[in-house]
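Peer 1: Supplied in structure tokens, the structure appears directly below.
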Amino acid sequence: MSYRPEFETSGGGLLIGGVPIDRLAQRVGSTPFFAYDRARLTARVAQLRAALPDDLELSYAVKANPMPALVQHLSGIVDALDVASGAELTVALDTPMQPGVISFAGPGKSLVELTQAIAAGVIIELESETEARRAIRIGESVGLRPRVAIRVNPDFTVKGSGMKMGGGAQQFGVDSENVPALLRELEAADVEFMGFHVFAGSQNLFTEILLEAQAKTVDLLLRLAGEASAPVTYLNMGGGLGIPYYAQDRPLDLGAVGANLEHLMRERIRPALPDAHVVMELGRYIVGECGVYVTRVVDRKVSRGKTFLVVDGGMHHQMAASGNFGQVIRRNYPMAVGARLDVAAEDAESVQVVGCLCTPLDLLGDGVLLPPADIDDLLVLFQAGAYGLTASPTAFLSHPAPAEVLV
Ligand SMILES: *Cc1c(COP(=O)(O)O)cnc(C)c1O
């Protein structure tokens, strides 16, 4: 059985934002759809706040889920937003969040995006020397001082990340050994130098490895801060906290992560930089468990001994659940029949849950144990709040886009 987050139920059926799933489907008017639970988002941020140091600022990485209503909700409860494109920047600027605390990371920012970011006064996380020079030039031409931080490609890797984004050769950031030279260039230019950003990887579920990575990140950041002649007012330590998806996955020990950061803050960061904004940026950990993808069974058929549930959604909306265009070892994301979360194991049957795309890749559940489901039943995929709709090939097979609701 896959890991399944605890959701409230009523009469055995799933509640999202207090609304029974079948009622919610009527309210949305069509399936499939994504639903994000506002109260769960709030609770998740509160849980993080309770565990993390009081003077560690929490930034939401909009890339994980850029739905405007959701970003709007989070903007009221986190300290900052991190964006990775001009369009995400627009979503962030539409919220009440002050532009000065919005950061813009990501390689290959276009001239238009850099100009937008400089005009808005957000923090530009420079991914290369070329990008630094472009930002300087644009600042001169529009008559504004760009606010910049250097994204650093660390001299260590973080093992255990689902996706490595730092260490070794990378398209992300400036290699740490080249940072001092870039600092000299920035000092000679008309920019406001803020500080540094390290983001070494995503989806890490290994608490011990994360603790070690955080300590190494702090070492590196403080070493580089010592190289800067301007005061460092901004240190972004990344995040990369993962969430469980598969049967063998266990949630992170958030208490241990918080205690480690508290220690690093008191013993290392604050003695050196008493007033700097120290930021942790998280996407998946904040939104991943707060969302579900809801589909309806449109066919039930048996083929040579296997039962198939064909649903009206699929990999075009929630690609990660299908195994990302043929992942080497495909595992099932947690899922359930929406009206019967509490069915006893002995009643369950093993089924193939497939989407409506004409490709064998559109497999959402392979031998999943579910209570017997029939045509018109709602199937719910959990852990769908992060990297769902916007990280899926929605144009593939030309089906309509699904609805998204914040409940
Ligand atoms: C993708 C990304 C994040 C968010 O990562 P999660 O694993 O979703 O927390 C944060 N920062 C940067 C720079 C990113 O590229």
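Identifiers in this document derive from the order of the structure tokens: chains are assigned A, B, ..., residues are numbered from 1 separately in each chain, and ligands are numbered from 1 in order of occurrence.
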Run DSSP on the backbone and grab whatever in range 187-406 of chain A lands in alpha helix (DSSP H); send it over as a ChimeraX atom specification.
Peer 2: /A:187,207-225,254-264,270-272,284-287,319-322
Peer 1: Can you tell me which residues come within 6 Å of ligand 1 when counting only C-alpha atoms and all ligand atoms, ideally as a list in words?
Peer 2: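 I would give the residues around ligand 1 as Ala61, Ala64, Ala105, Phe199, Ser202, Gln203, Gly238, Gly239, Gly240, Leu241, Glu281, Leu282, Gly283, Arg284 and Tyr285 of chain A.
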Peer 1: Which neighbours of range 153-164 of chain A fall inside 7 Å, counting only C-alpha atoms, when residues of the same chain fewer than 5 positions from it are skipped, and could you give them as an MDAnalysis selection string?
Peer 2: chainID A and resid 172:176 198 200:204 206 209 213
Peer 1: Could you write those residues out with N, CA, C and O atoms, as a short mmCIF file (atom, residue, chain, number, x, y, z; two decimals), in the first residue's frame?
Peer 2:
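Result written to out.cif:
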```cif
data_model
loop_
_atom_site.label_atom_id
_atom_site.label_comp_id
_atom_site.auth_asym_id
_atom_site.auth_seq_id
_atom_site.Cartn_x
_atom_site.Cartn_y
_atom_site.Cartn_z
N PHE A 172 22.89 25.40 -13.05
CA PHE A 172 22.34 26.29 -12.03
C PHE A 172 23.45 26.99 -11.25
O PHE A 172 24.37 26.34 -10.75
N GLY A 173 23.34 28.29 -11.15
CA GLY A 173 24.22 29.03 -10.26
C GLY A 173 25.64 29.21 -10.77
O GLY A 173 26.02 28.72 -11.84
N VAL A 174 26.42 29.93 -9.96
CA VAL A 174 27.82 30.22 -10.27
C VAL A 174 28.66 29.27 -9.41
O VAL A 174 28.44 29.18 -8.19
N ASP A 175 29.60 28.58 -10.01
CA ASP A 175 30.44 27.66 -9.24
C ASP A 175 31.06 28.42 -8.06
O ASP A 175 31.56 29.53 -8.24
N SER A 176 31.04 27.80 -6.89
CA SER A 176 31.42 28.54 -5.68
C SER A 176 32.83 29.15 -5.79
O SER A 176 33.07 30.25 -5.31
N VAL A 198 21.62 29.24 -2.18
CA VAL A 198 22.04 27.88 -2.54
C VAL A 198 20.79 27.01 -2.56
O VAL A 198 20.01 27.00 -1.61
N ALA A 200 20.27 23.10 -3.51
CA ALA A 200 21.09 21.97 -3.96
C ALA A 200 20.28 20.78 -4.46
O ALA A 200 20.83 19.87 -5.07
N GLY A 201 18.96 20.76 -4.21
CA GLY A 201 18.21 19.60 -4.68
C GLY A 201 16.80 19.59 -4.15
O GLY A 201 16.48 20.32 -3.22
N SER A 202 15.98 18.78 -4.78
CA SER A 202 14.54 18.73 -4.47
C SER A 202 14.18 17.32 -4.01
O SER A 202 14.89 16.36 -4.29
N GLN A 203 13.06 17.22 -3.31
CA GLN A 203 12.48 15.91 -2.92
C GLN A 203 13.48 15.03 -2.17
O GLN A 203 13.81 13.94 -2.60
N ASN A 204 13.95 15.53 -1.05
CA ASN A 204 14.83 14.72 -0.20
C ASN A 204 14.04 14.22 1.01
O ASN A 204 13.41 14.99 1.72
N PHE A 206 15.58 12.05 3.25
CA PHE A 206 16.56 11.48 4.18
C PHE A 206 16.97 12.56 5.19
O PHE A 206 17.78 13.43 4.88
N ILE A 209 20.74 13.22 5.88
CA ILE A 209 21.44 13.85 4.75
C ILE A 209 21.09 15.32 4.68
O ILE A 209 21.96 16.18 4.43
N ALA A 213 23.54 18.50 4.82
CA ALA A 213 23.54 19.47 3.71
C ALA A 213 23.32 20.88 4.24
O ALA A 213 23.94 21.84 3.75
#
```
Peer 1: Would you pick out the contacts of Ala321 in chain A at 7 Å or less, using only C-alpha atoms, so that residues sharing its chain but fewer than 5 positions from it are not included, and give the list as a ChimeraX atom specification?
Peer 2: /A:332-333,364
Peer 1: My list of candidates is A:Glu8, A:Glu57, A:Glu140, A:Asp253. Which is closest to Ala189 in chain A when distances are computed with only C-alpha atoms?
Peer 2: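 Of A:Glu8, A:Glu57, A:Glu140, A:Asp253, the one nearest Ala189 in chain A, counting only C-alpha atoms, is A:Glu140.
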Peer 1: DSSP on the backbone, then: every residue of range 112-251 of chain A marked strand (DSSP E or B), written as a PyMOL selection string.
Peer 2: chain A and resi 123-126+147-153+161-164+174-175+192-197+201-204+234-239+241
Peer 1: Could the residues in this selection be written to a file with N, CA and C atoms, as a compact mmCIF listing (two decimals), in the first residue's frame?
Peer 2:
```txt
# COMPACT_ATOMS: atom_id res chain seq x y z
N ILE A 123 14.25 40.57 -5.94
CA ILE A 123 15.63 40.09 -5.84
C ILE A 123 15.91 39.14 -7.01
N ILE A 124 16.92 39.46 -7.80
CA ILE A 124 17.29 38.58 -8.91
C ILE A 124 18.40 37.66 -8.45
N GLU A 125 18.15 36.36 -8.52
CA GLU A 125 19.16 35.39 -8.13
C GLU A 125 19.94 35.04 -9.38
N LEU A 126 21.12 35.60 -9.46
CA LEU A 126 21.94 35.51 -10.67
C LEU A 126 22.45 34.09 -10.84
N ARG A 147 18.48 44.75 -7.77
CA ARG A 147 18.76 44.12 -6.47
C ARG A 147 19.13 42.67 -6.76
N VAL A 148 20.38 42.30 -6.48
CA VAL A 148 20.85 40.99 -6.93
C VAL A 148 21.44 40.15 -5.80
N ALA A 149 21.26 38.85 -5.95
CA ALA A 149 21.95 37.87 -5.10
C ALA A 149 22.61 36.87 -6.05
N ILE A 150 23.65 36.23 -5.58
CA ILE A 150 24.31 35.22 -6.42
C ILE A 150 23.80 33.84 -6.03
N ARG A 151 23.27 33.13 -7.02
CA ARG A 151 22.98 31.73 -6.77
C ARG A 151 24.27 30.95 -6.93
N VAL A 152 24.61 30.20 -5.90
CA VAL A 152 25.90 29.52 -5.85
C VAL A 152 25.71 28.04 -6.14
N ASN A 153 26.50 27.52 -7.05
CA ASN A 153 26.57 26.06 -7.24
C ASN A 153 27.60 25.55 -6.24
N SER A 161 18.65 13.38 -2.95
CA SER A 161 17.63 14.23 -3.55
C SER A 161 17.01 13.50 -4.73
N GLY A 162 15.69 13.63 -4.90
CA GLY A 162 15.04 13.07 -6.07
C GLY A 162 15.57 13.75 -7.33
N MET A 163 15.98 15.03 -7.18
CA MET A 163 16.52 15.79 -8.28
C MET A 163 17.68 16.60 -7.75
N LYS A 164 18.88 16.38 -8.29
CA LYS A 164 20.05 17.15 -7.84
C LYS A 164 20.11 18.46 -8.61
N VAL A 174 26.42 29.93 -9.96
CA VAL A 174 27.82 30.22 -10.27
C VAL A 174 28.66 29.27 -9.41
N ASP A 175 29.60 28.58 -10.01
CA ASP A 175 30.44 27.66 -9.24
C ASP A 175 31.06 28.42 -8.06
N GLU A 192 22.53 46.77 -6.28
CA GLU A 192 22.46 46.55 -4.84
C GLU A 192 22.71 45.06 -4.59
N PHE A 193 23.87 44.76 -4.02
CA PHE A 193 24.19 43.36 -3.76
C PHE A 193 23.55 42.93 -2.44
N MET A 194 22.73 41.86 -2.50
CA MET A 194 21.98 41.44 -1.32
C MET A 194 22.65 40.27 -0.59
N GLY A 195 23.08 39.26 -1.35
CA GLY A 195 23.66 38.09 -0.69
C GLY A 195 23.67 36.87 -1.59
N PHE A 196 23.39 35.72 -0.99
CA PHE A 196 23.60 34.45 -1.71
C PHE A 196 22.42 33.51 -1.57
N HIS A 197 22.37 32.61 -2.53
CA HIS A 197 21.31 31.61 -2.58
C HIS A 197 21.94 30.27 -2.95
N GLY A 201 18.96 20.76 -4.21
CA GLY A 201 18.21 19.60 -4.68
C GLY A 201 16.80 19.59 -4.15
N SER A 202 15.98 18.78 -4.78
CA SER A 202 14.54 18.73 -4.47
C SER A 202 14.18 17.32 -4.01
N GLN A 203 13.06 17.22 -3.31
CA GLN A 203 12.48 15.91 -2.92
C GLN A 203 13.48 15.03 -2.17
N ASN A 204 13.95 15.53 -1.05
CA ASN A 204 14.83 14.72 -0.20
C ASN A 204 14.04 14.22 1.01
N TYR A 234 20.99 39.08 2.83
CA TYR A 234 20.07 38.05 2.36
C TYR A 234 20.82 36.74 2.18
N LEU A 235 20.37 35.73 2.89
CA LEU A 235 20.94 34.38 2.73
C LEU A 235 19.78 33.43 2.50
N ASN A 236 19.75 32.84 1.32
CA ASN A 236 18.69 31.88 1.02
C ASN A 236 19.30 30.49 1.01
N MET A 237 18.90 29.67 1.99
CA MET A 237 19.54 28.35 2.15
C MET A 237 18.84 27.23 1.37
N GLY A 238 17.86 27.59 0.50
CA GLY A 238 17.19 26.53 -0.25
C GLY A 238 16.24 25.76 0.63
N GLY A 239 16.09 24.47 0.35
CA GLY A 239 15.13 23.67 1.14
C GLY A 239 15.24 22.23 0.71
N LEU A 241 13.00 19.88 1.06
CA LEU A 241 12.32 18.88 1.90
C LEU A 241 11.32 18.09 1.07
```
Peer 1: Here is a test: counting only C-alpha atoms, which residue of A:Leu309, A:Leu24, A:Val71, A:Ala228 is nearest to Ala339 in chain A?
Peer 2: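 Between A:Leu309, A:Leu24, A:Val71, A:Ala228, the residue approaching Ala339 in chain A most closely is A:Leu24.
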Peer 1: Which of these, A:Thr217, A:Thr233, A:Gln352, A:Gln47, has the shortest distance to Ala276 in chain A once you count only C-alpha atoms?
Peer 2: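 Closest to Ala276 in chain A, using only C-alpha atoms: A:Thr233.
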Peer 1: Contacts of Val310 in chain A at 6 Å or less, counting only C-alpha atoms, minus same-chain residues fewer than 6 places along, as a PyMOL selection string?
Peer 2: chain A and resi 297-299+354-355
